[in-house]
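J.: The structure under discussion is supplied below as structure tokens; questions concerning it will follow.
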Amino acid sequence: MNHTSKQQAGDDRIDSYLPDFCQGEAVLRLVLVLELTAFVFALAVFNGFEAFLQDLALYSFYIQWIGLASAAMLCALRRTRLLATDLSATVVSFLVVGLMVVVVSLVIRWLVQGLNPGIEVELAADGIILRNLVISLILLGMVQRYFYLQHRSRMMLQSAGRARLQALQARIRPHFLFNSLNTIASLTHDQPDQAEHAIENLADLFRASLNAESSVTLAREIEFTRDYIELERLRLGDRLQVSWSICADLQEIDLPALTLQPLVENAIYHGIEPVPGGGEVTINVEQHKDLVIRISNPLPAKSAAAHQRGNRMALDNIRQRLELAFDSRAQIENSEQDGLYTVSITIPLKQRSV
Amino acid sequence: MKVLVVDDEQPARQRLKRLLNELADHQCVAEAENGRQALERVEQYQPEVVLLDIRMPGMDGLEAAQHLALRDDPPAVIFTTAFSDHALEAFEAHAVDYLLKPIKLERLQAALDNCSRLNRAQLAERLQQVDQQSARQHICARVRGNLVLVPLEDIYYFRAEQKYITVRHSGGELLIEEPLKSLEEEFVEDFHRIHRNALVRIDKIAGMENKPGMHQVFFDGIDDRLEVSRRHLSGVRNILKKL
């Protein structure tokens, strides 16, 4: 077994492969597994149906007690550093379970003999305790292997997700980039001040898309978007009209960087640029229970298949990043009505700890 | 050489004009901001080269180039584009010239020096290969010295008469010289052949009337009727079923 004990950067949760037995779900699963184990044991010594039921009852009682006591102890130990690494988690769980086997057996023996002195409790005889100890530890070993593999697979998925997130973020739309550069090159001669300002805006947007840090305030995101719109207006002129309507706590809300800007970019690319005379993009930002951002643009009469595809790809990109940031609690939807194409994002608002 | 600059963005046109000013052998004679205007300017100024932006509202550069290719002596066409991943490979493969924005002066000079006026067949063929979904959205014709563009959706039918093709549209008729067969191939999505000499817009067919010895289609909005040949009869029936 490979005992890697990497802590994730910025992650102060315990990260060994052991499940968190303070969570009801993990305990429930444990109970189920233990019951199946008891069933298997009882079946192994099957000797008539009534005897089977008695055995099952006995084994269940015994095994569940050991299991639940171990789980309780592991839950208590979670706050300490004892379960922080894979190696220590393995050793500690062996000790805990071994201890519980002995303790539970002795307690049973004590209780039964206390009620009926002189009776030999078969289950709690010394030799049997030793046998049960070995069985438990072997089973524990198998279960640990399973937990470990599951944990590793989850870690790999997460890091793949992170890599994908970085790849998603680092993409700068070439169409926007080269058209902006072309516009700036032109302005340099006739309107150098505007050219300078445009370069500053472009640099900010570049920086945002390259930055590994994934979260910005809503205020910053809106600023990015305004900078982007200024750049586009330089080359599109009056063809681009934008109307904003904002009603939200701009400084208090966080979201992944470049969530709003690419949607506006999409709206302009598909809804404004192809239309002779241009059109208007409307942006609504409203805070209720959740944050709702709505972007609308006119839809050209002949929406070619390529336009639909491009829209879908951009939406998927943003949808993936929202999923990674908000655990599938964020929503993104698009709809078409009366020649108007609307994308709306709903972001759950968490309470910011002051 | 006389150059026409076509781009929907004013700063982009501005820059190209400035660059052309620095080239001794070439001059900008006109500018246009979409495909339609480009065709009009070509009529008016007869440039030898057109610098044609691909992405423009209304009619884009590729379609404008297709219309230009149908002229008797088409100008040379050099496309300009900010970025277009696959399209560029197609351009290179078929020797269609292009320049990437922002355009460098030296590259512009080289492209203009190298440019050749292909004859219409060559240009048309190369454009066809470059842009696979290249059905035009308009039919373009010269009427009494003026350029007329008819959107495809306004056209009821094409009918061959002796040397010309009559284009019947909601505003009247036009005459063009393209062969019916190539029109049929290009507009296969929206038009159907009903006769050796007639190509009809599918969504404008109102129905078919069966008279003794003859079948005729009739249309929404106009009184014209066209005969369906026996060979094309079953095909037309299939179309009518789907309507």
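Chain lettering (A, B, ...) mirrors the order of the structure tokens, residue numbering begins at 1 for each chain separately, and ligand numbering begins at 1 in order of display.
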Show me which bits of chain A are within 6 Å of chain B, counting only C-alpha atoms, as a list in words.

T.: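 Every residue of chain A that passes the 6 Å test is in His175, Phe178, Asn179, Asn182, Thr183, Ser186, Arg235, Pro274, Val275 and Pro276 of chain A.
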
J.: Need to verify the contact set: Asp53 of chain B, 6 Å, only C-alpha atoms, exclusion of same-chain residues closer than 5 positions in sequence. Can you return it as a PDB file with N, CA and C atoms, in the first residue's frame?

T.:
```pdb
ATOM      1  N   VAL B   6     -12.337  46.566 -47.928  1.00  0.00           N
ATOM      2  CA  VAL B   6     -13.646  46.184 -47.399  1.00  0.00           C
ATOM      3  C   VAL B   6     -13.489  45.631 -45.990  1.00  0.00           C
ATOM      4  N   ASP B   7     -14.130  46.297 -45.003  1.00  0.00           N
ATOM      5  CA  ASP B   7     -14.104  45.803 -43.620  1.00  0.00           C
ATOM      6  C   ASP B   7     -15.238  46.497 -42.877  1.00  0.00           C
ATOM      7  N   GLY B  61     -17.609  38.178 -46.442  1.00  0.00           N
ATOM      8  CA  GLY B  61     -16.590  38.279 -47.470  1.00  0.00           C
ATOM      9  C   GLY B  61     -16.603  37.110 -48.431  1.00  0.00           C
ATOM     10  N   PHE B  79      -8.268  37.939 -48.864  1.00  0.00           N
ATOM     11  CA  PHE B  79      -9.090  37.985 -47.667  1.00  0.00           C
ATOM     12  C   PHE B  79      -8.292  38.511 -46.493  1.00  0.00           C
ATOM     13  N   THR B  80      -8.980  39.214 -45.573  1.00  0.00           N
ATOM     14  CA  THR B  80      -8.325  39.585 -44.326  1.00  0.00           C
ATOM     15  C   THR B  80      -9.140  38.996 -43.177  1.00  0.00           C
ATOM     16  N   THR B  81      -8.450  38.548 -42.162  1.00  0.00           N
ATOM     17  CA  THR B  81      -9.154  37.932 -41.046  1.00  0.00           C
ATOM     18  C   THR B  81      -8.335  38.079 -39.777  1.00  0.00           C
TER      19      THR B  81
END
```

J.: Please provide the set of residues having any atom within 10 Å of Arg173 of chain A, restricted to only C-alpha atoms, with same-chain residues fewer than 3 positions apart removed, written as a list of chain:residue names.

T.: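 Final neighbour list, sorted by chain and number: A:Ala170, A:Phe176, A:Leu177, A:Phe178, A:Pro262, A:Glu265, B:Phe83.
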
J.: DSSP on the backbone: what in segment 60-169 of chain A comes out alpha helix (DSSP H), as a PDB file with C-alpha atoms, in the first residue's frame?

T.:
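Contents of states28.pdb, freshly written:
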```
ATOM      1  CA  SER A  60     -25.015  -9.043  14.486  1.00  0.00           C
ATOM      2  CA  PHE A  61     -25.013  -7.874  18.062  1.00  0.00           C
ATOM      3  CA  TYR A  62     -21.332  -8.629  18.493  1.00  0.00           C
ATOM      4  CA  ILE A  63     -20.104  -7.274  15.167  1.00  0.00           C
ATOM      5  CA  GLN A  64     -22.228  -4.127  15.204  1.00  0.00           C
ATOM      6  CA  TRP A  65     -21.044  -3.254  18.692  1.00  0.00           C
ATOM      7  CA  ILE A  66     -17.430  -3.608  17.691  1.00  0.00           C
ATOM      8  CA  GLY A  67     -17.974  -1.708  14.487  1.00  0.00           C
ATOM      9  CA  LEU A  68     -19.950   1.169  15.938  1.00  0.00           C
ATOM     10  CA  ALA A  69     -17.642   1.528  18.935  1.00  0.00           C
ATOM     11  CA  SER A  70     -14.673   1.703  16.566  1.00  0.00           C
ATOM     12  CA  ALA A  71     -16.445   4.245  14.394  1.00  0.00           C
ATOM     13  CA  ALA A  72     -17.245   6.385  17.420  1.00  0.00           C
ATOM     14  CA  MET A  73     -13.638   6.290  18.515  1.00  0.00           C
ATOM     15  CA  LEU A  74     -12.386   7.149  15.039  1.00  0.00           C
ATOM     16  CA  CYS A  75     -14.799  10.044  14.922  1.00  0.00           C
ATOM     17  CA  ALA A  76     -13.483  11.309  18.240  1.00  0.00           C
ATOM     18  CA  LEU A  77      -9.902  10.979  17.024  1.00  0.00           C
ATOM     19  CA  ASP A  86      -2.605   7.547   5.354  1.00  0.00           C
ATOM     20  CA  LEU A  87       0.007   5.692   7.386  1.00  0.00           C
ATOM     21  CA  SER A  88      -1.149   6.936  10.749  1.00  0.00           C
ATOM     22  CA  ALA A  89      -4.777   6.374   9.803  1.00  0.00           C
ATOM     23  CA  THR A  90      -4.001   2.758   8.960  1.00  0.00           C
ATOM     24  CA  VAL A  91      -2.114   2.086  12.155  1.00  0.00           C
ATOM     25  CA  VAL A  92      -4.609   3.853  14.354  1.00  0.00           C
ATOM     26  CA  SER A  93      -7.602   2.078  12.831  1.00  0.00           C
ATOM     27  CA  PHE A  94      -5.915  -1.274  13.391  1.00  0.00           C
ATOM     28  CA  LEU A  95      -5.336  -0.398  16.997  1.00  0.00           C
ATOM     29  CA  VAL A  96      -8.811   0.949  17.531  1.00  0.00           C
ATOM     30  CA  VAL A  97     -10.570  -2.046  16.006  1.00  0.00           C
ATOM     31  CA  GLY A  98      -8.305  -4.509  17.769  1.00  0.00           C
ATOM     32  CA  LEU A  99      -8.947  -2.746  21.028  1.00  0.00           C
ATOM     33  CA  MET A 100     -12.688  -2.752  20.461  1.00  0.00           C
ATOM     34  CA  VAL A 101     -12.763  -6.480  19.698  1.00  0.00           C
ATOM     35  CA  VAL A 102     -11.085  -7.217  22.992  1.00  0.00           C
ATOM     36  CA  VAL A 103     -13.073  -4.686  24.979  1.00  0.00           C
ATOM     37  CA  VAL A 104     -16.460  -5.678  23.585  1.00  0.00           C
ATOM     38  CA  SER A 105     -15.731  -9.366  24.071  1.00  0.00           C
ATOM     39  CA  LEU A 106     -14.645  -8.823  27.658  1.00  0.00           C
ATOM     40  CA  VAL A 107     -17.640  -6.612  28.384  1.00  0.00           C
ATOM     41  CA  ILE A 108     -19.971  -9.271  27.049  1.00  0.00           C
ATOM     42  CA  ARG A 109     -18.255 -11.909  29.126  1.00  0.00           C
ATOM     43  CA  TRP A 110     -18.435  -9.735  32.202  1.00  0.00           C
ATOM     44  CA  LEU A 111     -22.087  -8.860  31.663  1.00  0.00           C
ATOM     45  CA  VAL A 112     -23.190 -12.449  31.028  1.00  0.00           C
ATOM     46  CA  GLN A 113     -21.146 -13.846  33.879  1.00  0.00           C
ATOM     47  CA  GLY A 114     -22.382 -11.083  36.068  1.00  0.00           C
ATOM     48  CA  LEU A 115     -25.930 -12.185  35.438  1.00  0.00           C
ATOM     49  CA  ASP A 126      -9.887 -16.329  25.498  1.00  0.00           C
ATOM     50  CA  GLY A 127      -9.020 -18.414  22.484  1.00  0.00           C
ATOM     51  CA  ILE A 128     -12.108 -17.233  20.702  1.00  0.00           C
ATOM     52  CA  ILE A 129     -11.286 -13.631  21.422  1.00  0.00           C
ATOM     53  CA  LEU A 130      -7.935 -14.135  19.795  1.00  0.00           C
ATOM     54  CA  ARG A 131      -9.541 -15.763  16.789  1.00  0.00           C
ATOM     55  CA  ASN A 132     -12.031 -12.916  16.463  1.00  0.00           C
ATOM     56  CA  LEU A 133      -9.214 -10.416  16.757  1.00  0.00           C
ATOM     57  CA  VAL A 134      -7.360 -11.957  13.862  1.00  0.00           C
ATOM     58  CA  ILE A 135     -10.517 -12.192  11.746  1.00  0.00           C
ATOM     59  CA  SER A 136     -11.364  -8.556  12.443  1.00  0.00           C
ATOM     60  CA  LEU A 137      -7.938  -7.313  11.590  1.00  0.00           C
ATOM     61  CA  ILE A 138      -7.822  -9.256   8.341  1.00  0.00           C
ATOM     62  CA  LEU A 139     -11.228  -7.936   7.354  1.00  0.00           C
ATOM     63  CA  LEU A 140     -10.169  -4.452   8.368  1.00  0.00           C
ATOM     64  CA  GLY A 141      -7.135  -4.757   6.147  1.00  0.00           C
ATOM     65  CA  MET A 142      -9.318  -5.618   3.155  1.00  0.00           C
ATOM     66  CA  VAL A 143     -11.721  -2.782   3.844  1.00  0.00           C
ATOM     67  CA  GLN A 144      -8.869  -0.334   4.237  1.00  0.00           C
ATOM     68  CA  ARG A 145      -7.545  -1.295   0.826  1.00  0.00           C
ATOM     69  CA  TYR A 146     -10.954  -0.589  -0.665  1.00  0.00           C
ATOM     70  CA  PHE A 147     -11.224   2.802   1.061  1.00  0.00           C
ATOM     71  CA  TYR A 148      -7.753   3.690  -0.068  1.00  0.00           C
ATOM     72  CA  LEU A 149      -8.411   2.936  -3.729  1.00  0.00           C
ATOM     73  CA  GLN A 150     -11.665   4.841  -3.632  1.00  0.00           C
ATOM     74  CA  HIS A 151      -9.963   7.824  -2.094  1.00  0.00           C
ATOM     75  CA  ARG A 152      -7.220   7.795  -4.662  1.00  0.00           C
ATOM     76  CA  SER A 153      -9.680   7.691  -7.506  1.00  0.00           C
ATOM     77  CA  ARG A 154     -11.528  10.664  -6.077  1.00  0.00           C
ATOM     78  CA  MET A 155      -8.296  12.606  -5.681  1.00  0.00           C
ATOM     79  CA  MET A 156      -7.389  11.930  -9.297  1.00  0.00           C
ATOM     80  CA  LEU A 157     -10.759  13.147 -10.488  1.00  0.00           C
ATOM     81  CA  GLN A 158     -10.373  16.303  -8.454  1.00  0.00           C
ATOM     82  CA  SER A 159      -6.948  17.090  -9.763  1.00  0.00           C
ATOM     83  CA  ALA A 160      -8.130  16.391 -13.300  1.00  0.00           C
ATOM     84  CA  GLY A 161     -10.948  18.810 -12.608  1.00  0.00           C
ATOM     85  CA  ARG A 162      -8.480  21.429 -11.408  1.00  0.00           C
ATOM     86  CA  ALA A 163      -6.317  20.973 -14.471  1.00  0.00           C
ATOM     87  CA  ARG A 164      -9.347  21.328 -16.686  1.00  0.00           C
ATOM     88  CA  LEU A 165     -10.343  24.449 -14.806  1.00  0.00           C
ATOM     89  CA  GLN A 166      -6.961  25.982 -15.462  1.00  0.00           C
ATOM     90  CA  ALA A 167      -7.167  25.039 -19.106  1.00  0.00           C
ATOM     91  CA  LEU A 168     -10.623  26.534 -19.313  1.00  0.00           C
ATOM     92  CA  GLN A 169      -9.519  29.744 -17.735  1.00  0.00           C
TER      93      GLN A 169
END
```

J.: Could you check which of B:Met214, B:Leu149, B:Val5, B:Leu68 is closest to Arg230 of chain B, using only C-alpha atoms?

T.: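 Nearest candidate to Arg230 of chain B out of B:Met214, B:Leu149, B:Val5, B:Leu68: B:Met214.
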